[in-house]
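Below: coords_33.txt (compact mmCIF, C-alpha atoms and all ligand atoms)
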```
# COMPACT_ATOMS: atom_id res chain seq x y z
CA MET A 1 16.32 8.75 5.13
CA ILE A 2 13.70 8.28 2.41
CA THR A 3 12.11 11.49 1.06
CA MET A 4 9.90 12.30 -1.96
CA ASP A 5 13.11 12.56 -4.05
CA ASN A 6 13.57 8.81 -3.66
CA ILE A 7 10.08 8.01 -4.97
CA ILE A 8 9.83 7.31 -8.70
CA ARG A 9 6.82 8.55 -10.67
CA GLU A 10 4.56 7.06 -13.33
CA GLY A 11 6.40 6.60 -16.60
CA ASN A 12 9.32 4.89 -14.86
CA PRO A 13 9.32 1.27 -16.14
CA THR A 14 10.09 -0.14 -12.65
CA LEU A 15 6.48 0.67 -11.70
CA ARG A 16 5.32 -1.71 -14.48
CA ALA A 17 7.70 -4.57 -13.65
CA VAL A 18 6.95 -7.70 -11.62
CA ALA A 19 9.17 -7.45 -8.53
CA LYS A 20 11.35 -10.37 -7.35
CA GLU A 21 10.76 -12.30 -4.15
CA VAL A 22 13.26 -11.69 -1.37
CA THR A 23 15.31 -14.51 0.08
CA VAL A 24 14.45 -15.94 3.51
CA PRO A 25 16.21 -15.74 5.96
CA LEU A 26 16.06 -12.04 5.18
CA ALA A 27 19.24 -10.24 4.10
CA ASP A 28 20.37 -7.38 6.38
CA GLU A 29 19.95 -5.01 3.41
CA ASP A 30 16.26 -5.97 3.06
CA ILE A 31 15.61 -5.62 6.80
CA THR A 32 17.19 -2.15 6.75
CA LEU A 33 15.14 -1.15 3.71
CA GLY A 34 11.93 -2.24 5.45
CA THR A 35 12.83 -0.18 8.52
CA GLU A 36 13.50 2.89 6.36
CA MET A 37 10.22 2.41 4.48
CA MET A 38 8.30 2.30 7.77
CA GLU A 39 10.20 5.39 8.99
CA PHE A 40 9.07 7.22 5.84
CA LEU A 41 5.42 6.40 6.61
CA HIS A 42 5.83 7.61 10.21
CA ASN A 43 7.48 10.86 9.05
CA SER A 44 4.86 11.40 6.35
CA GLN A 45 2.07 11.16 8.96
CA ASP A 46 3.80 13.49 11.42
CA PRO A 47 2.58 17.02 10.53
CA VAL A 48 5.82 18.69 11.70
CA LYS A 49 8.20 16.26 9.94
CA ALA A 50 6.04 16.04 6.83
CA GLU A 51 6.13 19.85 6.49
CA GLU A 52 9.89 20.04 7.15
CA LEU A 53 10.70 17.29 4.67
CA GLY A 54 7.98 18.09 2.11
CA LEU A 55 6.36 14.65 2.37
CA ARG A 56 2.90 13.64 1.17
CA GLY A 57 1.08 11.68 3.87
CA GLY A 58 1.12 7.97 3.13
CA VAL A 59 -0.33 4.80 4.66
CA GLY A 60 1.65 2.44 2.46
CA LEU A 61 4.85 2.20 0.43
CA ALA A 62 6.16 -0.52 -1.88
CA ALA A 63 9.85 -1.07 -2.68
CA PRO A 64 9.32 -0.63 -6.47
CA GLN A 65 8.29 2.98 -5.71
CA LEU A 66 11.91 3.45 -4.59
CA ASP A 67 13.11 1.90 -7.89
CA ILE A 68 13.87 -1.32 -5.99
CA SER A 69 12.14 -4.23 -7.71
CA LYS A 70 11.73 -6.45 -4.65
CA ARG A 71 8.58 -7.86 -3.01
CA ILE A 72 8.66 -5.65 0.09
CA ILE A 73 5.86 -3.38 1.34
CA ALA A 74 5.29 -1.26 4.43
CA VAL A 75 1.84 -0.32 5.71
CA HIS A 76 0.94 1.98 8.58
CA VAL A 77 -2.74 2.73 9.03
CA PRO A 78 -3.45 5.22 11.85
CA SER A 79 -6.49 4.60 14.03
CA GLY A 80 -8.03 8.06 13.72
CA ASP A 81 -9.53 7.48 17.20
CA LEU A 82 -8.06 9.54 20.07
CA GLU A 83 -9.43 7.04 22.62
CA ASN A 84 -7.60 4.22 20.88
CA PRO A 85 -4.43 5.65 19.25
CA GLU A 86 -2.90 2.27 18.27
CA PRO A 87 -2.53 1.98 14.48
CA THR A 88 -5.05 -0.51 13.10
CA LEU A 89 -2.30 -2.07 10.97
CA SER A 90 1.45 -1.46 11.02
CA ALA A 91 3.87 -3.88 9.40
CA VAL A 92 6.69 -4.40 6.97
CA MET A 93 5.76 -7.39 4.82
CA TYR A 94 8.20 -9.46 2.77
CA ASN A 95 6.85 -11.65 -0.04
CA PRO A 96 3.21 -10.83 0.81
CA LYS A 97 0.74 -13.15 -0.89
CA ILE A 98 -3.06 -13.13 -1.04
CA LEU A 99 -4.06 -16.74 -0.28
CA SER A 100 -7.81 -16.19 -0.65
CA HIS A 101 -10.34 -13.39 -0.80
CA SER A 102 -14.02 -12.64 -0.30
CA VAL A 103 -16.53 -12.71 -3.14
CA GLN A 104 -17.64 -9.29 -1.89
CA ASP A 105 -15.80 -6.36 -3.43
CA ALA A 106 -15.19 -2.92 -1.91
CA CYS A 107 -13.81 0.47 -2.84
CA LEU A 108 -12.95 3.73 -1.09
CA GLY A 109 -15.67 6.36 -1.54
CA GLU A 110 -12.96 8.98 -2.00
CA GLY A 111 -11.12 6.97 -4.64
CA GLU A 112 -7.36 6.43 -4.34
CA GLY A 113 -4.15 8.33 -4.86
CA CYS A 114 -0.53 7.25 -5.07
CA LEU A 115 2.83 8.67 -4.04
CA SER A 116 4.05 7.83 -7.56
CA VAL A 117 1.19 9.71 -9.27
CA ASP A 118 1.28 13.52 -9.21
CA ARG A 119 -2.29 14.05 -10.39
CA GLU A 120 -5.80 13.33 -9.24
CA VAL A 121 -7.40 10.35 -10.94
CA PRO A 122 -11.14 10.26 -10.16
CA GLY A 123 -13.12 7.03 -9.90
CA TYR A 124 -13.78 3.95 -7.84
CA VAL A 125 -10.96 1.43 -7.47
CA VAL A 126 -12.79 -1.83 -6.90
CA ARG A 127 -10.90 -4.42 -4.86
CA HIS A 128 -11.62 -7.45 -2.64
CA ASN A 129 -13.34 -6.51 0.62
CA LYS A 130 -11.54 -9.23 2.63
CA ILE A 131 -8.25 -10.99 2.06
CA THR A 132 -6.26 -13.74 3.75
CA LEU A 133 -2.60 -12.86 3.46
CA SER A 134 0.70 -14.57 4.17
CA TYR A 135 3.99 -12.71 4.50
CA VAL A 136 7.34 -12.84 6.25
CA ASP A 137 7.62 -10.18 8.95
CA ALA A 138 10.61 -7.99 9.84
CA ALA A 139 11.79 -10.64 12.33
CA GLY A 140 11.82 -13.22 9.52
CA VAL A 141 8.74 -15.03 10.86
CA LYS A 142 6.01 -16.27 8.51
CA GLN A 143 2.63 -14.70 9.31
CA LYS A 144 -0.90 -15.36 8.09
CA ILE A 145 -3.57 -12.73 8.75
CA ARG A 146 -7.05 -11.76 7.60
CA LEU A 147 -7.83 -8.16 6.71
CA LYS A 148 -11.02 -6.39 5.72
CA ASN A 149 -12.24 -2.98 4.63
CA TYR A 150 -9.70 -0.13 4.58
CA GLU A 151 -6.69 -2.21 5.72
CA ALA A 152 -7.41 -4.80 3.00
CA ILE A 153 -7.66 -2.04 0.37
CA VAL A 154 -4.31 -0.51 1.39
CA VAL A 155 -2.51 -3.87 1.26
CA GLN A 156 -4.00 -4.63 -2.17
CA HIS A 157 -2.79 -1.22 -3.46
CA GLU A 158 0.72 -2.13 -2.23
CA ILE A 159 0.73 -5.69 -3.61
CA ASP A 160 -0.39 -4.27 -6.96
CA HIS A 161 2.87 -2.26 -7.03
CA LEU A 162 4.79 -5.55 -6.72
CA ASN A 163 2.98 -6.76 -9.85
CA GLY A 164 3.36 -3.61 -11.95
CA VAL A 165 -0.27 -2.58 -11.46
CA MET A 166 -1.36 1.04 -10.80
CA PHE A 167 -4.58 1.95 -8.97
CA TYR A 168 -6.10 3.59 -12.04
CA ASP A 169 -5.82 0.31 -13.99
CA HIS A 170 -8.89 -0.76 -11.95
CA ILE A 171 -11.00 2.32 -12.82
CA ASN A 172 -13.76 1.89 -15.40
CA ALA A 173 -12.61 4.08 -18.30
CA GLU A 174 -16.12 4.77 -19.69
CA ASN A 175 -17.72 5.58 -16.33
CA PRO A 176 -15.22 6.01 -13.46
CA TYR A 177 -18.03 5.91 -10.89
CA ALA A 178 -19.88 2.89 -12.28
CA LEU A 179 -20.31 0.17 -9.65
CA GLN A 180 -21.58 -3.40 -9.96
CA ASP A 181 -24.37 -4.34 -7.52
CA GLY A 182 -23.23 -5.22 -4.01
CA VAL A 183 -19.87 -3.43 -3.98
CA LEU A 184 -19.22 -2.01 -0.50
CA VAL A 185 -18.30 1.69 -0.58
CA ILE A 186 -15.99 2.50 2.36
CA GLU A 187 -16.39 6.11 3.55
C1 LIG B 1 -1.23 6.67 0.10
N1 LIG B 1 -2.21 8.65 1.04
O1 LIG B 1 -0.83 6.43 1.20
C2 LIG B 1 -2.15 7.84 -0.18
C3 LIG B 1 -1.74 8.70 -1.37
C4 LIG B 1 -5.19 3.17 -0.60
O2 LIG B 1 1.70 2.66 -2.78
O3 LIG B 1 -3.93 7.52 1.96
O4 LIG B 1 1.16 5.21 -3.29
F1 LIG B 1 -1.58 9.91 5.33
C5 LIG B 1 1.52 3.46 -1.84
C6 LIG B 1 -4.60 8.76 6.92
C7 LIG B 1 -5.31 8.37 5.81
C8 LIG B 1 -3.33 9.29 6.76
C9 LIG B 1 -4.77 8.51 4.54
C10 LIG B 1 -3.70 3.16 -0.53
C11 LIG B 1 -3.06 4.49 -0.77
C12 LIG B 1 -1.55 4.38 -0.77
C13 LIG B 1 0.67 5.53 -0.97
N2 LIG B 1 -2.88 9.18 3.16
C14 LIG B 1 -3.07 8.39 2.03
C15 LIG B 1 -2.80 9.41 5.50
C16 LIG B 1 -3.50 9.03 4.38
C17 LIG B 1 -0.87 5.73 -1.02
N3 LIG B 1 1.13 4.72 -2.06
C18 LIG B 1 -2.82 9.77 -1.63
C19 LIG B 1 -0.39 9.39 -1.18
ZN ZN B 2 0.86 3.65 -4.69
```
Could I get this file's structure written as structure tokens?
Amino acid sequence: MITMDNIIREGNPTLRAVAKEVTVPLADEDITLGTEMMEFLHNSQDPVKAEELGLRGGVGLAAPQLDISKRIIAVHVPSGDLENPEPTLSAVMYNPKILSHSVQDACLGEGEGCLSVDREVPGYVVRHNKITLSYVDAAGVKQKIRLKNYEAIVVQHEIDHLNGVMFYDHINAENPYALQDGVLVIE
């Protein structure tokens, strides 16, 4: 089981490395890792399990955060709507790739945090508002999807980890809350 003890923190060089693509068909080891990464996200969002295990709630996890430099991410975005409890996005993605993106940019009004960063870093993290993404799913099938708004932001945060990029690399150092015209602020 993955816990916070398995998550490396900033300063570890693996977080600054470019991760390697996984082979397809997927190796059993990579399928198992993906399953465990998704289980971590589930546990971290379950108030009882998160308390028991001392987990920070997470909507995404990238293999390099486990000191495994492979292009594997898991994302699990809860709906937040009691009428419609299905997660808005839940997937393990192997070799995810942004094929194209909107001209429009977006950021989270609350800024971002990271399981590998044990401090608050204020400021807007400006990303693409919409992305078209390809990836290989847990069944080894190639997928192509379009994402926008919050789901697109989460996936970009995770893909950044595969490229050695941290969320605060995107924050304007002089004025963390400076925004170019037309950037969508997601509340
Ligand atoms: C998180 N937590 O998941 C943040 C961190 C924008 O690489 O967003 O470092 F648990 C992955 C509902 C809404 C339930 C939000 C991407 C952030 C990715 C993990 N929590 C949440 C929730 C959350 C990081 N990460 C603050 C831990
Ligand atoms: Zn992160």
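For range 130-142 of chain A, the set of protein, DNA and RNA residues having any atom at most 8 Å away, when counting only C-alpha atoms and skipping those fewer than 4 positions along the same chain, is Val24, Pro25, Leu26, Ile31, Gly34, Ala91, Val92, Met93, Tyr94, Asn95, Pro96, Lys97, Ile98, Leu99, Ser100, His101, Ser102, Gln104, Asp105, Arg146, Leu147, Lys148, Asn149 and Ala152 of chain A.
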Only C-alpha atoms, please: the residues just picked out, written as a PDB file, in the coordinates of the input.
```
ATOM      1  CA  VAL A  24      14.450 -15.940   3.510  1.00  0.00           C
ATOM      2  CA  PRO A  25      16.210 -15.740   5.960  1.00  0.00           C
ATOM      3  CA  LEU A  26      16.060 -12.040   5.180  1.00  0.00           C
ATOM      4  CA  ILE A  31      15.610  -5.620   6.800  1.00  0.00           C
ATOM      5  CA  GLY A  34      11.930  -2.240   5.450  1.00  0.00           C
ATOM      6  CA  ALA A  91       3.870  -3.880   9.400  1.00  0.00           C
ATOM      7  CA  VAL A  92       6.690  -4.400   6.970  1.00  0.00           C
ATOM      8  CA  MET A  93       5.760  -7.390   4.820  1.00  0.00           C
ATOM      9  CA  TYR A  94       8.200  -9.460   2.770  1.00  0.00           C
ATOM     10  CA  ASN A  95       6.850 -11.650  -0.040  1.00  0.00           C
ATOM     11  CA  PRO A  96       3.210 -10.830   0.810  1.00  0.00           C
ATOM     12  CA  LYS A  97       0.740 -13.150  -0.890  1.00  0.00           C
ATOM     13  CA  ILE A  98      -3.060 -13.130  -1.040  1.00  0.00           C
ATOM     14  CA  LEU A  99      -4.060 -16.740  -0.280  1.00  0.00           C
ATOM     15  CA  SER A 100      -7.810 -16.190  -0.650  1.00  0.00           C
ATOM     16  CA  HIS A 101     -10.340 -13.390  -0.800  1.00  0.00           C
ATOM     17  CA  SER A 102     -14.020 -12.640  -0.300  1.00  0.00           C
ATOM     18  CA  GLN A 104     -17.640  -9.290  -1.890  1.00  0.00           C
ATOM     19  CA  ASP A 105     -15.800  -6.360  -3.430  1.00  0.00           C
ATOM     20  CA  ARG A 146      -7.050 -11.760   7.600  1.00  0.00           C
ATOM     21  CA  LEU A 147      -7.830  -8.160   6.710  1.00  0.00           C
ATOM     22  CA  LYS A 148     -11.020  -6.390   5.720  1.00  0.00           C
ATOM     23  CA  ASN A 149     -12.240  -2.980   4.630  1.00  0.00           C
ATOM     24  CA  ALA A 152      -7.410  -4.800   3.000  1.00  0.00           C
TER      25      ALA A 152
END
```
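Proximity of A:His128, A:Leu162, A:Gly57, A:Phe167 to ligand LIG 1 (chain B), computed with only C-alpha atoms and all ligand atoms, is greatest for A:Gly57.
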What residues of the protein or nucleic acid chains come within 10 Å of ligand LIG 1 (chain B) when you use only C-alpha atoms and all ligand atoms? Reply as a ChimeraX atom specification. /A:7,9,41-47,50,55-65,73-80,107-108,110-120,125,150-162,166-167
Could you work out an axis-aligned bounding box for all listed atoms of range 70-85 of chain A, with 3 Å added on each of the six sides, and give its centre and edge lengths in Å to one decimal, as AutoDock Vina command-line options?
```
--center_x 1.1 --center_y 0.8 --center_z 9.0 --size_x 27.3 --size_y 23.4 --size_z 33.3
```
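CA of Ser69 in chain A is found 27.5 Å from CA of Pro122 in chain A.
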CA of Glu51 in chain A and atom ZN of ligand ZN 2 (chain B), how far apart in Å? 20.4 Å
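Distance annotation: of A:Glu21, A:Glu86, A:Asp169, A:Glu187, the residue with the minimal separation from ligand ZN 2 (chain B) is A:Asp169; atom set is only C-alpha atoms and all ligand atoms.
For the pair CA of Ile2 in chain A and CA of Asp30 in chain A, the interatomic distance is 14.5 Å.
The neighbours of Gly123 in chain A here are the residues that come within 8 Å of it, using only C-alpha atoms and leaving out any residue fewer than 4 positions away in the same chain; they are Gly111, Ile171, Asn172, Pro176 and Tyr177 of chain A.
Considering all atoms listed in the file, the residue among A:Lys20, A:Val165, A:Leu89, A:Tyr124 positioned nearest to ligand ZN 2 (chain B) is A:Val165.
Across A:Ala106, A:Leu15, A:Val22, A:Ala173, the tightest approach to ligand ZN 2 (chain B) is made by A:Leu15 when counting all atoms listed in the file.
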Which one of A:Leu179, A:Val48, A:Met38, A:Ile68 sits closest to Val18 in chain A if you count all atoms listed in the file? A:Ile68
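When only C-alpha atoms and all ligand atoms are used to measure the gap to ligand ZN 2 (chain B), the shortest distance among A:Gly164, A:Gly109, A:Gly54, A:Pro87 belongs to A:Gly164.
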